[in-house]
$ cat input34.txt   # compact mmCIF, C-alpha atoms
# COMPACT_ATOMS: atom_id res chain seq x y z
CA MET W 55 -12.93 -36.24 -8.89
CA LYS W 56 -13.17 -33.42 -6.37
CA LEU W 57 -15.96 -34.03 -3.91
CA SER W 58 -16.75 -30.33 -3.73
CA LYS W 59 -17.64 -30.38 -7.44
CA SER W 60 -19.38 -33.77 -7.66
CA PHE W 61 -23.06 -34.18 -8.46
CA SER W 62 -23.02 -37.02 -5.91
CA GLN W 63 -23.28 -35.66 -2.39
CA THR W 64 -23.62 -37.38 0.98
CA SER W 65 -26.55 -36.85 3.32
CA LYS W 66 -26.91 -37.15 7.08
CA THR W 67 -30.64 -37.79 6.91
CA VAL W 68 -32.27 -41.14 6.29
CA ALA W 69 -35.43 -41.37 4.19
CA HIS W 70 -38.42 -42.53 6.23
CA ASP W 71 -39.16 -45.28 3.70
CA ALA W 72 -35.59 -46.63 3.47
CA ASP W 73 -36.60 -50.17 4.38
CA SER W 74 -33.23 -51.88 3.84
CA VAL W 75 -29.52 -51.41 4.40
CA ASN W 76 -28.84 -50.91 0.69
CA ALA W 77 -31.61 -48.31 0.34
CA ARG W 78 -30.32 -46.36 3.33
CA LEU W 79 -26.59 -46.49 2.65
CA LEU W 80 -26.70 -46.08 -1.13
CA THR W 81 -28.96 -43.04 -0.75
CA GLN W 82 -27.02 -41.45 2.11
CA ALA W 83 -23.68 -42.02 0.40
CA GLY W 84 -24.87 -40.36 -2.81
CA PHE W 85 -24.99 -43.39 -5.09
CA VAL W 86 -28.71 -43.41 -5.91
CA GLU W 87 -31.80 -41.29 -5.36
CA LYS W 88 -35.33 -42.63 -5.16
CA VAL W 89 -37.77 -41.28 -7.74
CA ALA W 90 -40.79 -43.46 -6.96
CA ALA W 91 -41.51 -46.88 -5.49
CA GLY W 92 -39.08 -49.28 -7.17
CA VAL W 93 -37.59 -46.55 -9.41
CA TYR W 94 -34.17 -44.97 -8.79
CA SER W 95 -31.79 -42.52 -10.43
CA TYR W 96 -28.11 -43.52 -10.42
CA LEU W 97 -25.87 -40.62 -9.43
CA PRO W 98 -22.22 -40.49 -10.60
CA PHE W 99 -20.89 -42.71 -7.78
CA GLY W 100 -23.61 -45.30 -8.38
CA ARG W 101 -23.15 -45.20 -12.13
CA LYS W 102 -19.45 -45.95 -11.68
CA VAL W 103 -20.23 -49.05 -9.62
CA LEU W 104 -22.86 -50.14 -12.12
CA ALA W 105 -20.44 -49.68 -15.03
CA LYS W 106 -17.78 -51.84 -13.34
CA ILE W 107 -20.30 -54.62 -12.72
CA GLU W 108 -21.40 -54.38 -16.36
CA ARG W 109 -17.78 -54.67 -17.50
CA ILE W 110 -17.24 -57.83 -15.46
CA VAL W 111 -20.48 -59.34 -16.75
CA ARG W 112 -19.54 -58.51 -20.35
CA GLU W 113 -16.11 -60.06 -20.01
CA GLU W 114 -17.50 -63.34 -18.72
CA MET W 115 -20.36 -63.49 -21.23
CA ASP W 116 -17.96 -62.76 -24.10
CA ALA W 117 -15.65 -65.51 -22.81
CA LEU W 118 -18.63 -67.86 -22.79
CA GLY W 119 -19.15 -67.14 -26.47
CA GLY W 120 -21.96 -64.63 -26.29
CA GLU W 121 -22.35 -61.66 -28.62
CA GLU W 122 -23.83 -58.46 -27.26
CA ILE W 123 -26.94 -56.97 -28.85
CA LEU W 124 -29.56 -54.48 -27.69
CA MET W 125 -33.27 -55.10 -28.14
CA PRO W 126 -36.09 -52.59 -27.67
CA ALA W 127 -37.87 -52.10 -24.36
CA LEU W 128 -41.15 -51.31 -26.17
CA THR W 129 -42.40 -54.57 -27.69
CA PRO W 130 -45.49 -55.60 -29.70
CA LEU W 131 -48.28 -57.28 -27.74
CA GLU W 132 -48.89 -59.71 -30.61
CA ASN W 133 -45.55 -61.42 -29.88
CA TRP W 134 -46.61 -62.06 -26.28
CA LYS W 135 -49.92 -63.48 -27.42
CA LYS W 136 -48.07 -66.12 -29.42
CA THR W 137 -46.46 -67.46 -26.23
CA GLY W 138 -49.49 -66.98 -24.00
CA ARG W 139 -47.66 -64.50 -21.79
CA ASP W 140 -49.73 -61.47 -22.79
CA GLY W 141 -51.76 -61.67 -19.59
CA VAL W 142 -48.89 -61.78 -17.09
CA GLU W 143 -49.78 -59.40 -14.25
CA ILE W 144 -46.34 -57.84 -13.83
CA ALA W 145 -46.29 -56.56 -17.42
CA PHE W 146 -46.61 -52.82 -18.04
CA ARG W 147 -48.78 -52.09 -21.10
CA PRO W 148 -48.28 -48.44 -22.12
CA THR W 149 -50.68 -48.83 -25.07
CA PRO W 150 -53.27 -51.47 -26.00
CA LYS W 151 -50.83 -52.98 -28.50
CA THR W 152 -47.50 -52.77 -26.68
CA VAL W 153 -45.72 -54.23 -23.66
CA LEU W 154 -42.65 -52.90 -21.86
CA GLY W 155 -40.23 -55.83 -21.90
CA TRP W 156 -39.90 -57.68 -18.61
CA SER W 157 -38.02 -60.40 -20.49
CA HIS W 158 -37.11 -60.78 -24.16
CA GLU W 159 -37.81 -64.32 -25.37
CA GLU W 160 -40.65 -62.91 -27.48
CA ILE W 161 -38.25 -60.59 -29.32
CA VAL W 162 -35.05 -62.62 -29.54
CA THR W 163 -36.73 -65.76 -30.92
CA PRO W 164 -38.09 -64.16 -34.13
CA LEU W 165 -34.78 -62.27 -34.36
CA ALA W 166 -32.92 -65.60 -34.35
CA ARG W 167 -35.40 -67.14 -36.80
CA ASN W 168 -34.15 -64.71 -39.45
CA ARG W 169 -30.60 -66.01 -38.98
CA ILE W 170 -30.87 -69.72 -38.18
CA LYS W 171 -31.52 -71.91 -41.20
CA SER W 172 -29.25 -74.92 -40.82
CA TYR W 173 -27.51 -76.95 -38.13
CA ARG W 174 -24.37 -75.20 -39.36
CA ASP W 175 -25.74 -71.95 -37.87
CA LEU W 176 -25.83 -73.49 -34.40
CA PRO W 177 -24.99 -73.11 -31.60
CA LEU W 178 -25.11 -69.40 -30.98
CA ALA W 179 -25.74 -67.10 -28.02
CA VAL W 180 -26.61 -63.42 -27.76
CA TYR W 181 -27.01 -61.22 -24.71
CA GLN W 182 -27.92 -57.70 -23.74
CA ILE W 183 -27.64 -55.44 -20.70
CA GLN W 184 -30.87 -53.54 -20.75
CA THR W 185 -33.56 -51.92 -18.62
CA LYS W 186 -36.45 -54.20 -17.71
CA PHE W 187 -39.87 -53.16 -16.44
CA ARG W 188 -41.99 -55.22 -14.06
CA ASN W 189 -45.07 -53.97 -12.28
CA GLU W 190 -44.10 -55.43 -8.93
CA PRO W 191 -47.01 -55.21 -6.47
CA ARG W 192 -44.53 -54.84 -3.59
CA ALA W 193 -41.55 -52.85 -4.82
CA LYS W 194 -39.31 -52.70 -1.76
CA SER W 195 -35.82 -53.27 -0.32
CA GLY W 196 -34.21 -50.51 -2.35
CA LEU W 197 -32.61 -51.86 -5.53
CA MET W 198 -33.45 -55.45 -4.55
CA ARG W 199 -36.96 -55.41 -5.95
CA GLY W 200 -37.63 -52.64 -8.43
CA ARG W 201 -40.15 -51.82 -11.10
CA GLU W 202 -37.42 -50.56 -13.40
CA PHE W 203 -34.04 -52.29 -13.21
CA LEU W 204 -31.00 -53.29 -15.21
CA MET W 205 -30.59 -56.91 -16.27
CA LYS W 206 -28.20 -58.97 -18.34
CA ASP W 207 -30.22 -61.54 -20.28
CA MET W 208 -28.55 -64.08 -22.55
CA TYR W 209 -30.33 -66.43 -24.95
CA SER W 210 -28.70 -69.52 -26.42
CA PHE W 211 -29.77 -71.64 -29.39
CA HIS W 212 -28.81 -75.29 -29.94
CA ALA W 213 -29.32 -78.17 -32.34
CA THR W 214 -28.97 -80.98 -29.81
CA ARG W 215 -29.76 -81.66 -26.18
CA LYS W 216 -26.11 -82.62 -25.61
CA ASP W 217 -24.87 -79.29 -26.94
CA PHE W 218 -27.35 -77.38 -24.78
CA ALA W 219 -26.37 -79.33 -21.66
CA GLU W 220 -22.68 -78.56 -22.22
CA PHE W 221 -23.38 -74.85 -22.67
CA TYR W 222 -25.63 -74.84 -19.59
CA GLU W 223 -22.80 -76.19 -17.45
CA ARG W 224 -20.31 -73.70 -18.86
CA ALA W 225 -22.79 -70.92 -18.11
CA LYS W 226 -22.93 -72.05 -14.47
CA THR W 227 -19.15 -71.71 -14.25
CA ALA W 228 -19.25 -68.27 -15.87
CA TYR W 229 -21.91 -67.12 -13.41
CA PHE W 230 -19.89 -68.24 -10.40
CA LYS W 231 -16.94 -66.25 -11.83
CA VAL W 232 -19.06 -63.12 -12.19
CA PHE W 233 -20.29 -63.22 -8.62
CA GLU W 234 -16.87 -64.05 -7.22
CA ARG W 235 -15.32 -61.14 -9.12
CA VAL W 236 -17.82 -58.65 -7.68
CA GLY W 237 -17.14 -59.91 -4.15
CA LEU W 238 -20.05 -62.27 -3.56
CA LYS W 239 -20.20 -65.94 -2.57
CA SER W 240 -23.10 -67.50 -4.44
CA PHE W 241 -24.95 -70.79 -4.09
CA LEU W 242 -26.71 -72.69 -6.86
CA VAL W 243 -30.24 -73.77 -5.93
CA LYS W 244 -32.99 -75.52 -7.85
CA ALA W 245 -36.24 -73.65 -8.43
CA GLY W 246 -39.39 -73.74 -10.51
CA GLY W 247 -39.56 -72.31 -14.01
CA GLY W 248 -42.09 -69.60 -13.22
CA GLU W 249 -43.43 -67.75 -16.24
CA PHE W 250 -40.43 -68.80 -18.33
CA THR W 251 -40.53 -72.59 -18.64
CA GLU W 252 -42.16 -75.75 -17.37
CA ASN W 253 -38.70 -77.17 -16.62
CA VAL W 254 -36.78 -76.90 -13.37
CA SER W 255 -34.51 -73.85 -13.32
CA HIS W 256 -31.45 -72.90 -11.29
CA GLU W 257 -30.99 -69.76 -9.22
CA PHE W 258 -27.78 -68.21 -7.96
CA GLN W 259 -28.42 -67.05 -4.42
CA VAL W 260 -26.35 -65.03 -1.96
CA LEU W 261 -27.13 -65.90 1.64
CA THR W 262 -28.24 -62.79 3.53
CA ASP W 263 -30.98 -61.90 5.98
CA ALA W 264 -31.85 -59.07 3.60
CA GLY W 265 -32.89 -61.60 0.94
CA GLU W 266 -36.50 -62.21 0.05
CA ASP W 267 -36.20 -65.88 -0.90
CA LYS W 268 -36.53 -68.75 1.53
CA LEU W 269 -34.04 -71.50 0.76
CA LYS W 270 -33.34 -75.05 1.88
CA ILE W 271 -29.62 -75.81 2.01
CA CYS W 272 -28.14 -79.27 2.60
CA GLU W 273 -25.93 -79.31 5.70
CA LYS W 274 -23.71 -82.06 4.27
CA CYS W 275 -23.06 -81.22 0.61
CA GLY W 276 -24.26 -77.63 0.26
CA LEU W 277 -26.84 -78.22 -2.48
CA GLY W 278 -29.88 -75.99 -2.24
CA TRP W 279 -33.49 -75.59 -3.28
CA ASN W 280 -35.87 -72.70 -3.31
CA ALA W 281 -38.44 -73.31 -0.58
CA GLU W 282 -41.12 -73.42 -3.30
CA MET W 283 -39.75 -76.86 -4.17
CA GLU W 284 -41.25 -79.52 -1.91
CA ILE W 285 -38.08 -81.26 -0.85
CA ALA W 286 -37.79 -83.03 2.50
CA ARG W 287 -34.13 -84.14 2.34
CA CYS W 288 -31.19 -83.62 0.00
CA GLU W 289 -31.76 -85.45 -3.29
CA LYS W 290 -28.03 -86.09 -3.69
CA CYS W 291 -26.78 -87.24 -0.29
CA GLY W 292 -29.90 -87.52 1.85
CA GLY W 293 -28.63 -84.87 4.25
CA ALA W 294 -30.86 -82.69 6.39
CA LEU W 295 -31.96 -79.34 4.99
CA VAL W 296 -31.66 -76.07 6.90
CA GLU W 297 -33.66 -72.96 6.09
CA LYS W 298 -31.79 -69.84 5.00
CA LYS W 299 -32.68 -66.51 3.43
CA GLY W 300 -31.14 -65.54 0.13
CA ALA W 301 -30.99 -62.77 -2.45
CA GLU W 302 -31.33 -64.07 -6.00
CA VAL W 303 -28.66 -62.50 -8.20
CA GLY W 304 -28.94 -64.72 -11.26
CA ASN W 305 -30.98 -67.48 -12.85
CA ILE W 306 -30.67 -69.91 -15.75
CA PHE W 307 -33.47 -71.70 -17.59
CA ASP W 308 -33.86 -74.67 -19.90
CA LEU W 309 -36.51 -73.28 -22.26
CA GLY W 310 -36.73 -76.41 -24.39
CA THR W 311 -38.77 -75.64 -27.52
CA LYS W 312 -41.45 -73.50 -25.85
CA TYR W 313 -40.52 -70.36 -27.78
CA SER W 314 -39.30 -72.18 -30.88
CA ASP W 315 -42.74 -73.75 -31.11
CA ALA W 316 -44.48 -70.39 -30.70
CA PHE W 317 -42.44 -68.68 -33.41
CA ASP W 318 -41.77 -71.68 -35.65
CA LEU W 319 -38.02 -71.53 -35.12
CA ASN W 320 -36.71 -74.52 -37.10
CA PHE W 321 -33.40 -75.58 -38.63
CA ALA W 322 -32.43 -78.13 -41.23
CA GLY W 323 -30.46 -80.99 -39.68
CA ALA W 324 -27.51 -82.79 -41.23
CA ASP W 325 -30.01 -85.21 -42.78
CA GLY W 326 -31.96 -82.33 -44.28
CA LYS W 327 -34.96 -82.87 -42.05
CA PRO W 328 -36.44 -79.91 -40.13
CA ALA W 329 -36.12 -79.81 -36.34
CA LYS W 330 -36.97 -77.33 -33.59
CA VAL W 331 -34.20 -75.21 -32.06
CA LEU W 332 -33.54 -75.79 -28.36
CA MET W 333 -33.18 -72.63 -26.29
CA GLY W 334 -31.80 -71.48 -22.96
CA CYS W 335 -32.15 -68.24 -21.03
CA PHE W 336 -29.56 -66.85 -18.61
CA GLY W 337 -30.21 -63.76 -16.47
CA ILE W 338 -28.18 -61.66 -14.05
CA GLY W 339 -29.71 -58.81 -12.06
CA VAL W 340 -27.05 -56.17 -12.69
CA SER W 341 -28.64 -53.41 -10.60
CA ARG W 342 -29.64 -55.96 -7.96
CA LEU W 343 -25.95 -56.83 -7.64
CA VAL W 344 -25.29 -53.25 -6.51
CA ALA W 345 -27.84 -53.73 -3.72
CA THR W 346 -26.59 -57.18 -2.77
CA ILE W 347 -22.97 -56.05 -2.55
CA ALA W 348 -24.07 -53.18 -0.31
CA GLU W 349 -26.02 -55.59 1.91
CA ILE W 350 -23.01 -57.91 2.29
CA HIS W 351 -20.16 -55.39 2.36
CA HIS W 352 -20.90 -52.74 4.98
CA ASP W 353 -20.51 -51.97 8.66
CA GLU W 354 -22.21 -49.59 11.08
CA ASN W 355 -20.38 -46.63 9.48
CA GLY W 356 -21.13 -47.23 5.83
CA LEU W 357 -20.26 -49.14 2.68
CA ILE W 358 -17.12 -51.24 2.14
CA TRP W 359 -16.76 -51.73 -1.62
CA PRO W 360 -14.65 -54.57 -3.03
CA GLU W 361 -11.85 -53.14 -5.16
CA SER W 362 -13.32 -54.65 -8.34
CA VAL W 363 -16.47 -52.53 -8.19
CA ALA W 364 -15.51 -49.54 -6.01
CA PRO W 365 -16.38 -46.15 -7.54
CA PHE W 366 -12.87 -44.94 -6.67
CA GLN W 367 -9.86 -46.85 -5.42
CA ILE W 368 -8.61 -43.99 -3.25
CA HIS W 369 -10.45 -41.49 -1.08
CA LEU W 370 -7.99 -38.61 -0.56
CA ILE W 371 -8.66 -36.28 2.36
CA SER W 372 -7.02 -32.94 2.89
CA LEU W 373 -7.29 -31.24 6.26
CA GLY W 374 -6.79 -27.56 5.62
CA GLU W 375 -5.47 -26.12 2.40
CA ASN W 376 -2.15 -27.60 1.41
CA ALA W 377 -0.28 -27.85 -1.85
CA GLU W 378 0.87 -31.41 -1.14
CA ALA W 379 -2.69 -32.74 -1.26
CA GLU W 380 -3.28 -31.08 -4.62
CA LYS W 381 -0.02 -32.51 -5.95
CA ILE W 382 -0.90 -36.02 -4.76
CA TYR W 383 -4.36 -35.73 -6.31
CA ARG W 384 -3.00 -34.63 -9.69
CA GLU W 385 -0.35 -37.34 -9.89
CA LEU W 386 -2.41 -40.23 -8.48
CA SER W 387 -5.30 -39.40 -10.80
CA THR W 388 -3.11 -40.30 -13.76
CA LYS W 389 -2.68 -43.82 -12.36
CA THR W 390 -5.94 -44.71 -10.61
CA GLU W 391 -9.37 -43.43 -9.63
CA VAL W 392 -9.22 -40.83 -6.86
CA LEU W 393 -12.00 -39.08 -4.97
CA PHE W 394 -10.52 -35.94 -3.42
CA ASP W 395 -12.36 -34.46 -0.44
CA ASP W 396 -11.24 -30.87 -0.88
CA ARG W 397 -14.22 -29.39 0.96
CA ASN W 398 -13.84 -26.78 3.68
CA SER W 399 -15.35 -29.11 6.28
CA ARG W 400 -14.49 -30.43 9.71
CA ALA W 401 -12.19 -33.44 9.98
CA GLY W 402 -14.91 -35.54 11.65
CA GLU W 403 -17.31 -34.90 8.77
CA LYS W 404 -14.72 -35.86 6.19
CA PHE W 405 -13.82 -39.08 8.00
CA ALA W 406 -17.48 -40.00 8.41
CA ASP W 407 -18.17 -39.42 4.72
CA ALA W 408 -15.14 -41.50 3.74
CA ASP W 409 -16.50 -44.41 5.78
CA LEU W 410 -19.98 -43.89 4.36
CA ILE W 411 -18.84 -43.85 0.71
CA GLY W 412 -16.62 -46.87 1.30
CA CYS W 413 -13.68 -46.61 -1.10
CA PRO W 414 -11.02 -49.30 -0.46
CA THR W 415 -8.17 -46.96 0.59
CA ARG W 416 -8.17 -43.66 2.49
CA ILE W 417 -5.22 -41.28 2.24
CA LEU W 418 -5.07 -38.40 4.73
CA VAL W 419 -2.88 -35.36 4.15
CA SER W 420 -2.56 -32.87 6.99
CA ARG W 421 0.00 -30.75 8.78
CA LYS W 422 0.45 -33.50 11.36
CA THR W 423 0.97 -36.29 8.82
CA LEU W 424 3.46 -34.16 6.89
CA GLU W 425 5.37 -33.46 10.11
CA LYS W 426 5.53 -37.23 10.64
CA GLY W 427 7.07 -37.69 7.24
CA GLY W 428 4.25 -38.32 4.78
CA VAL W 429 0.58 -39.22 4.55
CA GLU W 430 -1.68 -41.49 6.58
CA ILE W 431 -2.95 -44.65 4.85
CA LYS W 432 -5.93 -46.64 6.06
CA LYS W 433 -7.83 -49.48 4.38
CA ARG W 434 -11.60 -49.25 4.68
CA ASN W 435 -11.85 -52.85 5.89
CA SER W 436 -9.13 -52.47 8.51
CA ASP W 437 -8.37 -50.36 11.60
CA LYS W 438 -4.64 -50.33 10.85
CA VAL W 439 -3.16 -46.90 10.13
CA GLU W 440 0.33 -46.21 8.83
CA ILE W 441 2.38 -43.21 7.77
CA VAL W 442 3.88 -43.56 4.29
CA PRO W 443 6.29 -41.13 2.54
CA ILE W 444 4.67 -39.17 -0.28
CA GLU W 445 7.32 -40.35 -2.74
CA LYS W 446 6.35 -43.96 -2.08
CA ILE W 447 2.67 -43.20 -2.66
CA LEU W 448 3.35 -41.51 -5.97
CA GLN W 449 5.51 -44.37 -7.20
CA LYS W 450 2.62 -46.86 -7.05

$ encode --input "input34.txt" --output "structure tokens"
Amino acid sequence: MKLSKSFSQTSKTVAHDADSVNARLLTQAGFVEKVAAGVYSYLPFGRKVLAKIERIVREEMDALGGEEILMPALTPLENWKKTGRDGVEIAFRPTPKTVLGWSHEEIVTPLARNRIKSYRDLPLAVYQIQTKFRNEPRAKSGLMRGREFLMKDMYSFHATRKDFAEFYERAKTAYFKVFERVGLKSFLVKAGGGEFTENVSHEFQVLTDAGEDKLKICEKCGLGWNAEMEIARCEKCGGALVEKKGAEVGNIFDLGTKYSDAFDLNFAGADGKPAKVLMGCFGIGVSRLVATIAEIHHDENGLIWPESVAPFQIHLISLGENAEAEKIYRELSTKTEVLFDDRNSRAGEKFADADLIGCPTRILVSRKTLEKGGVEIKKRNSDKVEIVPIEKILQK
């Protein structure tokens, strides 16, 4: 992609209401643009990052045994009345009889009821990556807390408590893999069930001062609790708890039979007797991951994207017009993702924008580098610079 032609463009100005690092850097670097409080447009650079996160999430959910579906955002109010969640304050109600989905238990449960008849139909799990709507009273911190956001929500269905418990543990492992692959170290903490369940839930938190959640982490064994849980010492080892701030990037819930009861979701057991289906819910804030990665991976000059989610692997800079830069761009683009800064701009501006955008590798082509025998290579997360022959670059 040639930067001179891209719809994504960098900006030197900072919005007056950019109240977080991710809001400031993602906007300045041309990844997102604010439309309203808690509502953002994803520009081409941001959409690329989002798509790579989605791919990683899909791979791990598929490996877990999930099948991808897509449910509607506009849902009937009558379904929410059956579960008693029709009066939840964060719900947008565009008409007297509809709700914009802020979660999808009320849709997926009757969907599963049409397919689950016998214990032979269980277990099963379906997931979607879909826009959610929540009327947050305090939409803030850029993509961290939005009114419209992208979420992966998976729903599992089980015949026995043992089967559910096994799936729940495998889901934990899959979640840790997702967050590790996008460049984040996550911690599992216990939390309340909120509007989803009466049971204790688990959150996946990334420790950062930009987070909105207050956590209690055991100094000895690393177990954690959301501060909403009244815990004085570690329940496992008795260790002292220290307070930290975290950004919630995922959560998993034991739904029991709450939604099966509401929608009469039964199955015939091996003995022929009817029983209620046990359910679980597993969410990942896909767009929130973009914000969290930006909060963790940056410096004073801009973003530093992990290779797994970077919009481009290489940021190619040409100082002055030269045929070598064009040749390198054409050939490298057949092998990897290249952002080519071909603009007629000053060197300082191009270097600053490369740091701001944060691609993993910067390649500089100029008269001086060519006189030295090649191109200049610099990793975004390092100060080391080296001159590499063009032939070697094109062989990779």

$ closest_residue --input "input34.txt" --among "W:Asp437, W:Glu114, W:Glu282, W:Glu302" --to "Thr346 (chain W)" --atoms "only C-alpha atoms"
W:Glu302

$ closest_residue --input "input34.txt" --among "W:Gly246, W:Leu269, W:Lys194, W:Glu252" --to "Tyr313 (chain W)" --atoms "all atoms listed in the file"
W:Glu252

$ closest_residue --input "input34.txt" --among "W:Lys298, W:Arg139, W:Lys56, W:Arg169" --to "Ser157 (chain W)" --atoms "all atoms listed in the file"
W:Arg139

$ closest_residue --input "input34.txt" --among "W:His369, W:Arg421, W:Lys299, W:Lys106" --to "Asp409 (chain W)" --atoms "all atoms listed in the file"
W:His369

$ atom_distance --input "input34.txt" --atom1 "CA of Phe146 (chain W)" --atom2 "CA of Val89 (chain W)"
17.8 Å

$ atom_distance --input "input34.txt" --atom1 "CA of Glu430 (chain W)" --atom2 "CA of Ile417 (chain W)"
5.6 Å

$ build_atoms --input "input34.txt" --residues "region 410-423 of chain W" --atoms "N, CA and C atoms" --output "mmCIF file, keeping the file's coordinate frame"
data_model
loop_
_atom_site.group_PDB
_atom_site.id
_atom_site.type_symbol
_atom_site.label_atom_id
_atom_site.label_comp_id
_atom_site.auth_asym_id
_atom_site.auth_seq_id
_atom_site.Cartn_x
_atom_site.Cartn_y
_atom_site.Cartn_z
ATOM 1 N N LEU W 410 -18.674 -43.699 4.971
ATOM 2 C CA LEU W 410 -19.980 -43.890 4.360
ATOM 3 C C LEU W 410 -19.867 -44.272 2.890
ATOM 4 N N ILE W 411 -19.007 -43.585 2.151
ATOM 5 C CA ILE W 411 -18.840 -43.850 0.710
ATOM 6 C C ILE W 411 -18.150 -45.187 0.473
ATOM 7 N N GLY W 412 -17.166 -45.516 1.303
ATOM 8 C CA GLY W 412 -16.620 -46.870 1.300
ATOM 9 C C GLY W 412 -15.571 -47.227 0.285
ATOM 10 N N CYS W 413 -14.763 -46.268 -0.178
ATOM 11 C CA CYS W 413 -13.680 -46.610 -1.100
ATOM 12 C C CYS W 413 -12.635 -47.480 -0.391
ATOM 13 N N PRO W 414 -11.932 -48.341 -1.103
ATOM 14 C CA PRO W 414 -11.020 -49.300 -0.460
ATOM 15 C C PRO W 414 -9.897 -48.679 0.370
ATOM 16 N N THR W 415 -9.321 -47.549 -0.092
ATOM 17 C CA THR W 415 -8.170 -46.960 0.590
ATOM 18 C C THR W 415 -8.395 -45.482 0.869
ATOM 19 N N ARG W 416 -8.074 -45.070 2.121
ATOM 20 C CA ARG W 416 -8.170 -43.660 2.490
ATOM 21 C C ARG W 416 -6.766 -43.103 2.692
ATOM 22 N N ILE W 417 -6.491 -41.976 2.061
ATOM 23 C CA ILE W 417 -5.220 -41.280 2.240
ATOM 24 C C ILE W 417 -5.508 -39.928 2.877
ATOM 25 N N LEU W 418 -4.880 -39.661 4.014
ATOM 26 C CA LEU W 418 -5.070 -38.400 4.730
ATOM 27 C C LEU W 418 -3.807 -37.561 4.635
ATOM 28 N N VAL W 419 -3.979 -36.311 4.219
ATOM 29 C CA VAL W 419 -2.880 -35.360 4.150
ATOM 30 C C VAL W 419 -3.199 -34.192 5.080
ATOM 31 N N SER W 420 -2.354 -33.967 6.048
ATOM 32 C CA SER W 420 -2.560 -32.870 6.990
ATOM 33 C C SER W 420 -1.223 -32.369 7.490
ATOM 34 N N ARG W 421 -1.241 -31.284 8.234
ATOM 35 C CA ARG W 421 0.000 -30.750 8.780
ATOM 36 C C ARG W 421 0.678 -31.794 9.668
ATOM 37 N N LYS W 422 -0.119 -32.507 10.456
ATOM 38 C CA LYS W 422 0.450 -33.500 11.360
ATOM 39 C C LYS W 422 1.081 -34.670 10.614
ATOM 40 N N THR W 423 0.398 -35.147 9.565
ATOM 41 C CA THR W 423 0.970 -36.290 8.820
ATOM 42 C C THR W 423 2.244 -35.868 8.104
#
